[in-house]
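**Q** The following file, model.txt, comprises compact mmCIF, C-alpha atoms and all ligand atoms:
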```txt
# COMPACT_ATOMS: atom_id res chain seq x y z
CA MET B 23 0.00 0.00 0.00
CA ILE B 24 1.34 3.46 -0.88
CA PRO B 25 0.63 5.57 2.23
CA HIS B 26 -1.29 8.83 1.87
CA SER B 27 1.50 10.79 3.55
CA LYS B 28 4.98 10.07 4.79
CA SER B 29 7.97 12.01 6.14
CA PHE B 30 11.25 12.22 4.24
CA ILE B 31 14.11 11.38 6.61
CA ASP B 32 17.68 10.80 5.33
CA ASP B 33 20.99 9.87 6.98
CA LYS B 34 21.82 13.52 7.65
CA ASP B 35 18.59 13.94 9.62
CA VAL B 36 19.34 10.81 11.63
CA ARG B 37 22.88 11.98 12.35
CA ALA B 38 21.71 15.45 13.39
CA ALA B 39 19.26 14.07 15.95
CA THR B 40 21.62 11.32 17.12
CA GLU B 41 24.44 13.79 17.80
CA VAL B 42 22.21 15.77 20.13
CA ILE B 43 21.08 12.64 21.95
CA ALA B 44 24.70 11.54 22.36
CA SER B 45 25.65 14.99 23.68
CA GLY B 46 23.28 14.56 26.61
CA LYS B 47 21.93 18.14 26.18
CA LEU B 48 18.42 17.34 25.08
CA ALA B 49 16.21 20.19 26.28
CA GLN B 50 15.67 23.60 24.67
CA GLY B 51 19.11 25.10 24.16
CA GLU B 52 21.48 26.22 21.44
CA LYS B 53 20.00 23.99 18.70
CA VAL B 54 16.59 25.58 19.22
CA GLU B 55 18.15 29.02 18.94
CA ALA B 56 20.02 27.99 15.78
CA PHE B 57 16.82 26.57 14.27
CA GLU B 58 14.94 29.80 15.03
CA GLN B 59 17.68 31.86 13.35
CA ALA B 60 17.90 29.56 10.31
CA PHE B 61 14.12 29.73 9.99
CA VAL B 62 14.18 33.53 9.95
CA ASP B 63 17.02 33.47 7.39
CA THR B 64 14.95 31.16 5.17
CA LEU B 65 11.74 33.17 5.46
CA GLY B 66 13.61 36.42 4.97
CA THR B 67 12.29 38.67 7.75
CA GLY B 68 11.19 38.97 11.38
CA SER B 69 12.12 36.86 14.39
CA ALA B 70 11.00 33.37 15.29
CA VAL B 71 10.13 31.43 18.44
CA ALA B 72 10.13 27.62 18.28
CA VAL B 73 7.44 25.76 20.22
CA SER B 74 6.17 22.23 20.76
CA SER B 75 3.44 22.19 18.06
CA GLY B 76 1.53 24.25 15.55
CA THR B 77 -1.39 24.32 17.97
CA ALA B 78 0.86 25.75 20.70
CA ALA B 79 2.13 28.35 18.20
CA LEU B 80 -1.43 29.39 17.45
CA HIS B 81 -2.43 29.44 21.13
CA LEU B 82 0.52 31.67 22.07
CA SER B 83 -0.12 33.94 19.05
CA LEU B 84 -3.69 34.55 20.24
CA LEU B 85 -2.48 35.21 23.80
CA ALA B 86 0.23 37.57 22.54
CA LEU B 87 -2.44 39.57 20.71
CA GLY B 88 -4.42 39.81 23.95
CA ILE B 89 -7.37 37.89 22.51
CA GLY B 90 -9.82 36.45 25.00
CA LYS B 91 -13.43 36.26 26.15
CA GLY B 92 -15.88 38.28 24.06
CA ASP B 93 -13.55 38.49 21.06
CA GLU B 94 -14.65 37.04 17.74
CA ILE B 95 -12.07 35.22 15.63
CA ILE B 96 -12.89 34.36 12.04
CA ILE B 97 -11.65 30.94 10.95
CA PRO B 98 -12.50 28.66 8.04
CA SER B 99 -14.78 25.68 8.56
CA PHE B 100 -12.82 23.62 6.02
CA VAL B 101 -9.81 23.07 8.28
CA CYS B 102 -8.59 20.78 11.08
CA SER B 103 -9.99 21.30 14.58
CA ALA B 104 -6.65 22.68 15.85
CA LEU B 105 -7.86 26.20 14.96
CA LEU B 106 -11.09 25.75 16.86
CA ASN B 107 -9.18 24.41 19.87
CA ALA B 108 -6.81 27.36 19.97
CA VAL B 109 -9.70 29.84 19.80
CA HIS B 110 -11.43 27.98 22.63
CA TYR B 111 -8.21 27.80 24.74
CA VAL B 112 -8.33 31.60 25.06
CA GLY B 113 -12.10 31.71 25.56
CA ALA B 114 -12.77 33.62 22.33
CA THR B 115 -15.70 32.99 19.97
CA PRO B 116 -15.03 31.21 16.66
CA ILE B 117 -16.87 32.63 13.63
CA LEU B 118 -16.84 30.19 10.73
CA ALA B 119 -16.51 31.31 7.11
CA ASP B 120 -16.80 29.45 3.81
CA ILE B 121 -14.12 28.75 1.20
CA GLY B 122 -13.98 30.53 -2.15
CA PRO B 123 -15.34 29.36 -5.51
CA ASN B 124 -12.11 28.07 -7.10
CA THR B 125 -9.96 27.49 -4.08
CA TYR B 126 -9.95 25.68 -0.74
CA ASN B 127 -8.89 28.95 0.91
CA LEU B 128 -11.21 31.34 2.76
CA ASP B 129 -13.55 33.40 0.59
CA PRO B 130 -12.81 37.12 1.16
CA GLU B 131 -16.43 38.07 0.46
CA ASP B 132 -17.84 35.63 2.98
CA VAL B 133 -15.28 36.73 5.56
CA GLU B 134 -16.16 40.40 5.03
CA ARG B 135 -19.83 39.66 5.65
CA ARG B 136 -18.96 38.14 9.02
CA ILE B 137 -16.83 41.00 10.36
CA THR B 138 -18.48 42.78 13.31
CA SER B 139 -17.35 45.32 15.91
CA SER B 140 -16.21 42.34 18.05
CA THR B 141 -13.96 40.81 15.36
CA ARG B 142 -10.40 40.80 16.68
CA ALA B 143 -8.57 38.65 14.12
CA ILE B 144 -8.80 36.37 11.12
CA ILE B 145 -6.82 33.13 11.24
CA LEU B 146 -5.91 32.74 7.59
CA PRO B 147 -4.58 29.33 6.52
CA HIS B 148 -2.76 28.87 3.21
CA THR B 149 -4.64 25.67 2.62
CA PHE B 150 -2.87 22.71 0.99
CA GLY B 151 0.12 24.97 0.28
CA GLU B 152 -1.79 27.55 -1.80
CA VAL B 153 -1.29 31.09 -0.53
CA ALA B 154 -4.60 32.81 0.29
CA ASN B 155 -5.61 36.08 -1.36
CA LEU B 156 -3.52 38.24 1.01
CA ASP B 157 -4.11 41.43 -1.02
CA ARG B 158 -7.81 41.24 -0.22
CA PHE B 159 -7.48 40.11 3.38
CA LEU B 160 -4.85 42.67 4.35
CA LYS B 161 -7.18 45.46 3.21
CA MET B 162 -9.98 44.46 5.61
CA GLY B 163 -8.52 46.35 8.54
CA VAL B 164 -8.58 43.26 10.77
CA THR B 165 -5.51 41.59 12.35
CA ILE B 166 -4.35 38.72 10.15
CA ILE B 167 -2.79 35.67 11.81
CA GLU B 168 -1.23 33.70 8.96
CA ASN B 169 -1.56 29.94 9.37
CA CYS B 170 1.39 28.57 7.39
CA ALA B 171 1.15 25.02 8.78
CA GLN B 172 0.84 23.73 5.20
CA ALA B 173 2.76 26.42 3.37
CA VAL B 174 6.29 26.82 4.72
CA GLY B 175 8.39 28.26 1.89
CA ALA B 176 5.44 29.19 -0.36
CA ARG B 177 6.05 32.55 -2.06
CA TYR B 178 3.66 35.32 -3.04
CA HIS B 179 4.68 38.62 -4.70
CA GLY B 180 8.29 37.50 -4.18
CA ARG B 181 7.89 37.15 -0.41
CA CYS B 182 7.41 34.09 1.77
CA ALA B 183 4.01 33.28 3.22
CA GLY B 184 4.16 34.13 6.89
CA THR B 185 5.75 37.54 6.37
CA PHE B 186 2.50 39.38 5.53
CA GLY B 187 0.33 39.11 8.64
CA ILE B 188 1.06 40.67 12.02
CA ILE B 189 2.04 37.22 13.29
CA SER B 190 2.22 33.78 11.70
CA MET B 191 2.45 30.17 12.80
CA PHE B 192 3.95 27.00 11.36
CA SER B 193 3.71 23.27 12.16
CA PHE B 194 6.43 20.63 11.89
CA TYR B 195 4.23 17.62 12.59
CA ALA B 196 5.52 14.34 11.12
CA THR B 197 3.78 14.68 7.75
CA LYS B 198 4.07 18.43 7.22
CA VAL B 199 6.38 20.00 4.60
CA ILE B 200 9.35 19.86 6.98
CA THR B 201 9.21 17.93 10.23
CA THR B 202 10.55 17.77 13.77
CA GLY B 203 8.17 14.92 14.71
CA GLU B 204 5.99 17.40 16.56
CA GLY B 205 6.83 21.09 16.60
CA GLY B 206 5.83 24.58 15.64
CA MET B 207 7.10 28.12 15.11
CA VAL B 208 5.78 31.63 15.63
CA LEU B 209 7.16 34.27 13.27
CA SER B 210 6.65 38.03 13.47
CA GLU B 211 8.30 41.39 13.00
CA ALA B 212 6.59 42.63 16.17
CA GLU B 213 9.16 42.08 18.92
CA ASP B 214 6.63 43.00 21.61
CA LEU B 215 4.38 40.11 20.54
CA LEU B 216 7.29 37.66 20.38
CA ALA B 217 8.43 38.74 23.85
CA ILE B 218 5.05 37.54 25.18
CA VAL B 219 5.32 34.28 23.20
CA ARG B 220 8.79 33.64 24.69
CA GLU B 221 7.55 34.61 28.14
CA LEU B 222 4.65 32.13 28.02
CA ARG B 223 6.44 29.19 26.33
CA ASP B 224 8.43 28.37 29.48
CA TYR B 225 7.33 28.37 33.14
CA ASP B 226 10.57 27.70 34.95
CA LYS B 227 12.36 30.29 37.14
CA ARG B 228 10.05 33.12 36.22
CA THR B 229 8.53 35.86 38.30
CA PRO B 230 6.13 37.42 38.96
CA TYR B 231 3.86 34.39 38.84
CA ARG B 232 1.29 34.15 36.08
CA VAL B 233 -0.17 31.18 34.21
CA ARG B 234 2.50 29.97 31.81
CA TYR B 235 2.91 26.92 29.59
CA ASN B 236 5.46 24.28 28.81
CA TYR B 237 5.45 24.61 25.04
CA LYS B 238 9.19 24.23 24.52
CA MET B 239 10.86 22.42 21.63
CA THR B 240 13.75 20.07 22.46
CA ASP B 241 17.23 20.39 20.95
CA ILE B 242 16.71 16.92 19.43
CA GLN B 243 13.72 18.22 17.47
CA ALA B 244 15.50 21.46 16.56
CA ALA B 245 18.53 19.57 15.18
CA LEU B 246 16.17 17.54 13.00
CA GLY B 247 14.40 20.74 11.99
CA LEU B 248 17.67 22.41 10.99
CA SER B 249 18.58 19.43 8.85
CA GLN B 250 15.09 19.35 7.26
CA LEU B 251 15.15 23.09 6.60
CA GLY B 252 18.26 22.60 4.45
CA LYS B 253 16.19 20.34 2.21
CA LEU B 254 13.20 22.71 1.92
CA PRO B 255 14.01 23.95 -1.63
CA HIS B 256 14.40 20.34 -2.77
CA PHE B 257 11.13 19.35 -1.03
CA ILE B 258 9.22 22.17 -2.74
CA ASN B 259 10.73 21.39 -6.16
CA LYS B 260 9.82 17.75 -5.75
CA ARG B 261 6.24 18.53 -4.70
CA THR B 262 5.64 20.94 -7.57
CA ALA B 263 7.21 18.51 -10.07
CA ILE B 264 4.88 15.71 -8.93
CA ALA B 265 1.91 18.10 -9.08
CA MET B 266 2.77 19.07 -12.68
CA LYS B 267 3.00 15.41 -13.60
CA TYR B 268 -0.41 14.71 -12.03
CA THR B 269 -2.01 17.74 -13.68
CA ASP B 270 -0.70 16.65 -17.10
CA ALA B 271 -1.90 13.11 -16.58
CA PHE B 272 -5.37 14.06 -15.29
CA SER B 273 -6.26 16.96 -17.60
CA ASP B 274 -8.76 14.85 -19.60
CA LEU B 275 -10.51 13.37 -16.54
CA PRO B 276 -13.94 14.59 -15.32
CA VAL B 277 -12.53 15.89 -12.01
CA GLY B 278 -11.58 19.33 -10.73
CA LEU B 279 -7.81 19.73 -10.45
CA PRO B 280 -6.10 21.91 -7.85
CA ASN B 281 -5.18 25.37 -9.08
CA PRO B 282 -1.54 26.43 -8.95
CA GLY B 283 -2.45 29.40 -6.74
CA LEU B 284 -2.15 33.16 -7.17
CA ASP B 285 1.30 33.92 -8.58
CA GLY B 286 1.77 30.13 -8.95
CA SER B 287 2.27 30.19 -5.21
CA SER B 288 1.22 26.65 -4.32
CA ILE B 289 3.83 24.30 -2.92
CA PHE B 290 1.30 21.45 -3.18
CA TYR B 291 1.27 20.24 0.39
CA ARG B 292 -1.77 18.32 -0.83
CA TYR B 293 -2.96 17.38 -4.30
CA VAL B 294 -6.74 17.47 -4.05
CA LEU B 295 -9.16 16.23 -6.71
CA MET B 296 -12.73 17.53 -6.71
CA LEU B 297 -15.00 14.69 -7.78
CA LYS B 298 -18.53 14.97 -9.13
CA GLU B 299 -19.91 12.75 -6.36
CA SER B 300 -19.04 11.62 -2.85
CA ALA B 301 -15.37 10.65 -2.42
CA ASP B 302 -16.17 7.35 -0.65
CA HIS B 303 -16.34 5.14 -3.74
CA PHE B 304 -13.16 6.67 -5.21
CA ILE B 305 -11.27 6.17 -1.93
CA ARG B 306 -12.32 2.49 -1.85
CA GLU B 307 -11.28 1.98 -5.49
CA MET B 308 -7.89 3.59 -4.86
CA ALA B 309 -7.38 1.39 -1.78
CA SER B 310 -8.06 -1.71 -3.85
CA SER B 311 -5.32 -0.48 -6.24
CA GLY B 312 -2.96 -0.16 -3.28
CA VAL B 313 -3.06 3.64 -2.90
CA ALA B 314 -4.23 5.25 0.35
CA CYS B 315 -6.30 8.40 -0.26
CA CYS B 316 -8.43 10.38 2.15
CA ARG B 317 -10.63 13.39 2.61
CA PRO B 318 -8.23 16.34 2.99
CA VAL B 319 -10.21 17.60 6.00
CA TYR B 320 -11.50 14.94 8.37
CA ARG B 321 -14.66 16.86 9.19
CA PRO B 322 -15.45 20.55 8.63
CA ILE B 323 -15.86 22.56 11.80
CA HIS B 324 -19.48 23.47 11.05
CA ASP B 325 -20.19 19.74 11.12
CA LEU B 326 -18.26 19.20 14.38
CA LEU B 327 -20.24 22.01 16.02
CA GLY B 328 -23.56 21.33 14.29
CA THR B 329 -23.82 24.95 13.13
CA GLU B 330 -24.88 26.62 9.84
CA VAL B 331 -23.90 24.52 6.83
CA LEU B 332 -21.43 26.39 4.63
CA PRO B 333 -22.26 25.22 1.11
CA ARG B 334 -18.83 25.25 -0.60
CA THR B 335 -17.18 23.72 2.45
CA GLU B 336 -19.87 21.04 2.61
CA ARG B 337 -19.38 20.15 -1.06
CA ALA B 338 -15.59 20.05 -0.68
CA TRP B 339 -15.94 17.79 2.33
CA GLN B 340 -18.22 15.41 0.42
CA CYS B 341 -16.43 15.37 -2.91
CA ALA B 342 -12.77 16.38 -2.46
CA VAL B 343 -10.13 13.69 -2.16
CA SER B 344 -6.44 13.98 -1.39
CA ILE B 345 -4.03 11.66 -3.23
CA PRO B 346 -0.43 10.96 -2.11
CA ILE B 347 2.08 13.73 -2.87
CA TYR B 348 5.36 13.95 -0.96
CA PRO B 349 9.10 14.00 -1.71
CA ALA B 350 9.57 10.41 -0.51
CA LEU B 351 7.43 9.09 -3.43
CA LYS B 352 9.42 7.07 -5.95
CA ASP B 353 8.93 7.49 -9.71
CA GLN B 354 7.29 4.10 -10.12
CA GLU B 355 4.94 4.88 -7.23
CA ILE B 356 3.95 8.15 -8.93
CA ASP B 357 3.23 6.23 -12.16
CA HIS B 358 1.21 3.70 -10.22
CA ILE B 359 -0.83 6.45 -8.51
CA ILE B 360 -1.56 8.04 -11.92
CA GLU B 361 -2.79 4.72 -13.32
CA ALA B 362 -4.89 4.05 -10.22
CA VAL B 363 -6.54 7.51 -10.39
CA ARG B 364 -7.38 7.07 -14.09
CA HIS B 365 -8.83 3.63 -13.36
CA ALA B 366 -10.83 4.82 -10.34
CA CYS B 367 -12.27 7.74 -12.35
CA LYS B 368 -13.49 5.30 -15.01
CA ILE B 369 -15.09 2.98 -12.45
CA CYS B 370 -16.69 5.78 -10.44
CA GLN B 371 -18.33 7.57 -13.35
C1 LIG F 401 -1.22 20.74 11.15
C2 LIG F 401 -2.02 21.96 11.21
C3 LIG F 401 -2.25 22.65 12.41
C4 LIG F 401 -1.83 22.14 13.76
O1 LIG F 401 -0.49 21.85 13.87
P1 LIG F 401 0.01 20.78 14.98
O2 LIG F 401 1.50 20.86 14.88
O3 LIG F 401 -0.53 19.44 14.56
O4 LIG F 401 -0.51 21.21 16.29
C5 LIG F 401 -2.99 23.81 12.36
N1 LIG F 401 -3.49 24.29 11.21
C6 LIG F 401 -3.30 23.66 10.04
C7 LIG F 401 -3.84 24.26 8.78
C8 LIG F 401 -2.57 22.47 9.99
O5 LIG F 401 -2.41 21.85 8.82
```
Show me this structure written as structure tokens.
**A**
Amino acid sequence: MIPHSKSFIDDKDVRAATEVIASGKLAQGEKVEAFEQAFVDTLGTGSAVAVSSGTAALHLSLLALGIGKGDEIIIPSFVCSALLNAVHYVGATPILADIGPNTYNLDPEDVERRITSSTRAIILPHTFGEVANLDRFLKMGVTIIENCAQAVGARYHGRCAGTFGIISMFSFYATKVITTGEGGMVLSEAEDLLAIVRELRDYDKRTPYRVRYNYKMTDIQAALGLSQLGKLPHFINKRTAIAMKYTDAFSDLPVGLPNPGLDGSSIFYRYVLMLKESADHFIREMASSGVACCRPVYRPIHDLLGTEVLPRTERAWQCAVSIPIYPALKDQEIDHIIEAVRHACKICQ
């Protein structure tokens, strides 16, 4: 079975992590600092604070912005529940918005309709590696928290995603673009916000007392992250090359293909096909051909909460399917996936 997603770990990664383990200095230390600096150098601006997960990065970003009870935060419904959790951690109110017509990213028009006098921020994911319409969102006069969990290294107008909003967060979970097993990063040019993030990430030897967290990254993870970061250009090239191959091979099929994004910004964290009917049958057919596929979002948030059905999100949830795309895929596996998709499309019609 070809797995739906998989990390790419080479000997250099193994050596980097092993050296730290052998050194006996495992906790947050100089490797974390080096990873933060290398991350800033890669993204091109700001400062960075490494944390234990993308969710922790989002939680601390909301706290740094002073968001809490009574504040409304606009988030997409077509996204993992991590966003909802972070909003709830700080006691704020999530306001769900729909995706756009030809994208899995938030629809600026629907977001605008939902802005009220209580709106404090928009959490804006660059879904599946495609940069959202930042030009439109930045003009709304609302704080933008960029969610770059799926878009590290994606570029828009010549700048990296994550350098547009007031603050941005990244995830290095096992199957993300680069990985530290679990891990996250907060990036910003606002030093006052990052000072709060640093202040809250660690509880030890700090006064005066206030509620703090243990959201630290270990030096083992940071060493792996540094090694992975060196491969980021290769990872992105590999992902976009596979995506081009898929798009060529599927252009005659009766399915919606992912768009390359504004400015060709997509780094294709996911390659998502929009089918004409429910994805279930297609997923079963692909499994019988030895290819694991899945819905790109497990369940939309409006469904988890039982709130207003957002029509484009609902359709994407029913009919969108994510096929394997990652740098660890071998050429013959890519060919096999292409054949399996063509076959499944014939059967499912
Ligand atoms: C993975 C992900 C997160 C959460 O990151 P974790 O590291 O798993 O906590 C948040 N938002 C999006 C869009 C993600 O893909």
**Q** Could you give me, as a list in words, the residues within 7 Å of range 113-127 of chain B, counting only C-alpha atoms and dropping anything in the same chain fewer than 4 positions from it?
**A**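 So the residues in contact are Ile89, Gly90, Lys91, Gly92, Asp93, Glu94, Ile95, Ile96, Ile97, Pro98, Ser99, Leu106, Val109, Asp132, Val133, His148, Thr149, Ala154, Leu332, Arg334 and Thr335 of chain B.
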**Q** Which of these, B:Ile347, B:Glu134, B:Ala338, B:Cys170, has the shortest distance to Arg158 in chain B once you count all atoms listed in the file?
**A** B:Glu134
**Q** Give me, as an MDAnalysis selection string, the set of residues whose atoms come within 10 Å of any atom of ligand LIG 401 (chain F), counting all atoms listed in the file.
**A** chainID B and resid 73:81 98 100:108 145:151 168:173 191:199 201:207 291 318:319
**Q** At what distance in Å, to one decimal, does CA of Leu297 in chain B lie from CA of Cys341 in chain B?
**A**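 Atom-to-atom, CA of Cys341 in chain B to CA of Leu297 in chain B, that is 5.1 Å.
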**Q** Would you work out the distance separating CA of Ala44 in chain B from CA of Pro349 in chain B, expressed in Å to one decimal?
**A**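 Value for the CA of Ala44 in chain B-CA of Pro349 in chain B distance: 28.8 Å.
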